[in-house]
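With mmCIF, C-alpha atoms inside, this is start-v6.cif:
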```cif
data_work
loop_
_atom_site.label_atom_id
_atom_site.label_comp_id
_atom_site.auth_asym_id
_atom_site.auth_seq_id
_atom_site.Cartn_x
_atom_site.Cartn_y
_atom_site.Cartn_z
CA MET A 1 0.00 0.00 0.00
CA THR A 2 2.91 2.42 0.57
CA GLU A 3 3.48 2.71 -3.18
CA THR A 4 -0.09 3.77 -3.83
CA PHE A 5 -0.74 5.96 -0.77
CA ARG A 6 1.76 8.68 0.20
CA THR A 7 1.30 11.60 2.55
CA HIS A 8 3.23 14.69 3.66
CA VAL A 9 2.43 17.52 6.08
CA LEU A 10 3.33 21.10 5.20
CA ASP A 11 3.85 23.69 7.92
CA VAL A 12 2.53 27.06 6.72
CA SER A 13 2.67 30.43 8.44
CA THR A 14 -0.12 32.69 7.16
CA GLY A 15 0.72 35.71 9.31
CA THR A 16 -1.54 37.94 11.40
CA SER A 17 -3.94 39.10 8.69
CA GLU A 18 -6.43 37.32 6.45
CA ALA A 19 -4.62 35.35 3.79
CA VAL A 20 -4.99 33.32 0.63
CA TYR A 21 -1.78 31.28 0.57
CA ASP A 22 -0.89 29.57 -2.72
CA LEU A 23 -0.03 25.89 -2.18
CA THR A 24 0.29 24.94 -5.86
CA ARG A 25 4.10 24.71 -5.97
CA ASP A 26 4.12 22.69 -2.75
CA CYS A 27 1.59 20.28 -4.28
CA GLU A 28 3.65 19.98 -7.47
CA THR A 29 6.87 19.37 -5.51
CA PHE A 30 5.15 16.66 -3.46
CA LEU A 31 3.82 14.96 -6.59
CA ARG A 32 7.23 14.99 -8.28
CA ALA A 33 8.59 13.12 -5.26
CA VAL A 34 5.82 10.53 -4.89
CA ALA A 35 3.68 10.10 -8.00
CA ALA A 36 6.41 8.72 -10.28
CA GLY A 37 4.46 9.56 -13.44
CA ARG A 38 1.31 7.76 -12.28
CA ASP A 39 -2.32 8.80 -12.44
CA GLY A 40 -4.24 9.25 -9.22
CA LEU A 41 -5.75 11.75 -6.84
CA LEU A 42 -4.22 14.43 -4.65
CA ASN A 43 -6.13 15.26 -1.50
CA VAL A 44 -5.31 18.54 0.23
CA PHE A 45 -6.63 18.75 3.79
CA VAL A 46 -6.36 21.44 6.46
CA PRO A 47 -6.96 19.96 9.95
CA HIS A 48 -8.13 23.27 11.41
CA ALA A 49 -11.60 24.48 12.40
CA THR A 50 -10.93 27.98 11.01
CA ALA A 51 -9.31 27.50 7.58
CA GLY A 52 -10.23 26.10 4.18
CA VAL A 53 -8.87 25.01 0.82
CA ALA A 54 -9.95 26.69 -2.41
CA VAL A 55 -9.10 26.26 -6.08
CA LEU A 56 -9.07 29.69 -7.70
CA GLU A 57 -7.07 32.11 -9.80
CA THR A 58 -4.41 34.03 -7.87
CA GLY A 59 -2.34 37.08 -8.67
CA ALA A 60 -5.00 38.86 -10.72
CA GLY A 61 -7.11 40.05 -7.80
CA SER A 62 -9.34 37.00 -7.32
CA ASP A 63 -7.63 36.13 -4.05
CA ASP A 64 -8.35 39.63 -2.70
CA ASP A 65 -11.89 39.41 -4.11
CA LEU A 66 -12.43 36.15 -2.22
CA LEU A 67 -11.31 37.74 1.05
CA ALA A 68 -13.56 40.75 0.39
CA ALA A 69 -16.54 38.47 -0.33
CA LEU A 70 -15.86 36.53 2.88
CA ARG A 71 -15.75 39.80 4.84
CA ASP A 72 -19.15 40.69 3.35
CA LEU A 73 -20.63 37.26 4.12
CA LEU A 74 -18.90 36.79 7.47
CA PRO A 75 -18.33 40.22 9.07
CA ALA A 76 -15.79 40.44 11.90
CA ASP A 77 -18.21 41.90 14.45
CA ASP A 78 -19.92 40.81 17.66
CA ARG A 79 -22.89 38.94 16.12
CA TRP A 80 -21.27 35.51 16.58
CA ARG A 81 -22.08 33.23 19.51
CA HIS A 82 -18.56 31.82 19.39
CA ARG A 83 -16.80 34.77 21.04
CA HIS A 84 -13.30 33.92 22.23
CA GLY A 85 -10.26 35.39 20.47
CA SER A 86 -10.17 38.51 18.31
CA PRO A 87 -13.39 40.46 17.72
CA GLY A 88 -15.47 38.56 15.18
CA HIS A 89 -13.48 35.35 15.58
CA GLY A 90 -16.71 33.36 15.52
CA ARG A 91 -16.87 33.96 11.76
CA ASP A 92 -13.62 32.05 11.35
CA HIS A 93 -15.39 28.96 12.66
CA VAL A 94 -18.12 29.35 10.03
CA LEU A 95 -15.59 29.74 7.18
CA PRO A 96 -15.10 25.96 6.57
CA ALA A 97 -18.82 25.64 5.76
CA LEU A 98 -18.23 27.98 2.79
CA VAL A 99 -14.60 27.17 1.96
CA PRO A 100 -14.24 23.48 2.87
CA PRO A 101 -11.11 22.24 4.62
CA HIS A 102 -10.26 19.88 1.75
CA ALA A 103 -9.99 19.48 -2.02
CA THR A 104 -9.43 16.34 -4.08
CA LEU A 105 -7.74 16.95 -7.42
CA PRO A 106 -6.86 14.76 -10.41
CA VAL A 107 -3.26 13.78 -11.10
CA LEU A 108 -2.42 12.62 -14.63
CA GLY A 109 1.01 11.29 -15.51
CA GLY A 110 2.29 12.44 -12.13
CA ARG A 111 1.20 16.04 -12.68
CA LEU A 112 -1.51 18.05 -11.00
CA GLU A 113 -4.30 18.55 -13.53
CA LEU A 114 -5.41 22.16 -13.00
CA GLY A 115 -6.90 24.62 -15.45
CA THR A 116 -4.71 27.36 -16.89
CA TRP A 117 -5.43 29.92 -14.19
CA GLN A 118 -6.25 27.62 -11.28
CA SER A 119 -4.20 27.44 -8.10
CA VAL A 120 -4.62 25.40 -4.92
CA CYS A 121 -4.87 27.77 -1.95
CA LEU A 122 -5.13 27.76 1.81
CA VAL A 123 -7.75 30.32 2.90
CA ASP A 124 -7.20 31.61 6.43
CA THR A 125 -9.22 34.43 8.00
CA ASN A 126 -8.14 33.60 11.57
CA ARG A 127 -5.68 36.27 12.71
CA ASP A 128 -5.22 34.49 16.06
CA ASN A 129 -3.52 31.39 14.63
CA PRO A 130 -0.82 32.02 12.00
CA ASP A 131 0.64 28.50 12.16
CA ARG A 132 -1.15 25.96 9.98
CA GLN A 133 -0.62 22.45 8.78
CA VAL A 134 -1.71 21.18 5.39
CA ARG A 135 -1.79 17.44 4.72
CA LEU A 136 -1.07 16.37 1.14
CA THR A 137 -2.03 12.80 0.28
CA PHE A 138 -1.45 11.10 -3.08
CA LEU A 139 -3.46 8.02 -3.93
CA GLY A 140 -2.18 6.46 -7.15
#
```

Go through the file and emit its structure as structure tokens.
Amino acid sequence: MTETFRTHVLDVSTGTSEAVYDLTRDCETFLRAVAAGRDGLLNVFVPHATAGVAVLETGAGSDDDLLAALRDLLPADDRWRHRHGSPGHGRDHVLPALVPPHATLPVLGGRLELGTWQSVCLVDTNRDNPDRQVRLTFLG
């Protein structure tokens, strides 16, 4: 089973402000090391209650647009029942319902099969926890 199922944990620091952190190169590096030209699936999972994984265009403003949309949908104010941490932290616990903590992506010939402008990103609105882990798992 070790030849078909490989996993690696990335340690990511997202800083003290909302962030869309591009994981695409990390995913590609992992696949070069473990996929050996095979087809399969890459699962990207964030084991945190206040972060998610998104596939979107980055660098052209879409990452900032996503954060702006999340601020509109999930304002950082005192409406949340979950109240510990920074003001509005309760919204961070609702984030994974909108931006799930996982994505499963096709791998063909050992390469991540994304569209031209797609990137794999960690979405983190939690300013209280800058240290994240991301689990990459290849099933081939």

Give me the residues within 10 Å of region 15-27 of chain A as a VMD selection string, counting all atoms listed in the file and dropping any in the same chain fewer than 2 places off.
-> chain A and resid 8 10 12 to 13 29 to 32 42 to 44 51 to 59 62 to 64 66 to 68 71 111 to 112 114 118 to 132 134 136 to 138

Taking all atoms listed in the file into account, which of A:Arg83, A:Val9, A:Val94, A:Asp65 comes nearest Phe45 (chain A)?
->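 Checking each candidate against Phe45 (chain A), we get A:Val9 as the closest.
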
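Atom pair CA of Thr4 (chain A) / CA of Val34 (chain A): separated by 9.0 Å.
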
For Glu3 (chain A), the nearest of the candidates A:Gly140, A:Pro100, A:Gly61, A:Pro87, counting all atoms listed in the file =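 Once distances to Glu3 (chain A) are computed over all atoms listed in the file, the minimum belongs to A:Gly140.
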
Proximity to Gly110 (chain A) - best of A:Val46, A:Thr14, A:Asp78, A:Leu139, all atoms listed in the file =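 Answer, going by the shortest atom-to-atom distance: A:Leu139.
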
Work out how far apart CA of Gln133 (chain A) and CA of Glu28 (chain A) are and give it in Å to one decimal.
->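 According to the coordinates, CA of Gln133 (chain A) and CA of Glu28 (chain A) are separated by 17.0 Å.
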
Any idea what the distance is between CA of Gly109 (chain A) and CA of Asp39 (chain A)?
->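 Taking CA of Gly109 (chain A) and CA of Asp39 (chain A), their separation equals 5.2 Å.
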
For Thr50 (chain A), list every protein, DNA or RNA residue within 7 Å, evaluated using only C-alpha atoms, and leave out those in the same chain fewer than 2 positions away; present the list as a PyMOL selection string.
-> chain A and resi 48+92-93+95-96+124+126

For each of A:Leu74, A:Ala60, A:Leu41, A:Ala33, take the minimum atom-to-atom distance to Leu108 (chain A), counting all atoms listed in the file, then give the residue where this is smallest.
->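 Among the listed residues, the smallest separation from Leu108 (chain A) belongs to A:Leu41.
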
Compile the contact shell of Asp77 (chain A) as a PDB file with C-alpha atoms, keeping the file's coordinate frame: residues with an atom at most 9 Å away, counting all atoms listed in the file, same-chain residues fewer than 3 positions apart removed.
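around.pdb written:
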```pdb
ATOM      1  CA  LEU A  74     -18.900  36.790   7.470  1.00  0.00           C
ATOM      2  CA  TRP A  80     -21.270  35.510  16.580  1.00  0.00           C
ATOM      3  CA  PRO A  87     -13.390  40.460  17.720  1.00  0.00           C
ATOM      4  CA  GLY A  88     -15.470  38.560  15.180  1.00  0.00           C
ATOM      5  CA  HIS A  89     -13.480  35.350  15.580  1.00  0.00           C
ATOM      6  CA  GLY A  90     -16.710  33.360  15.520  1.00  0.00           C
ATOM      7  CA  ARG A  91     -16.870  33.960  11.760  1.00  0.00           C
TER       8      ARG A  91
END
```
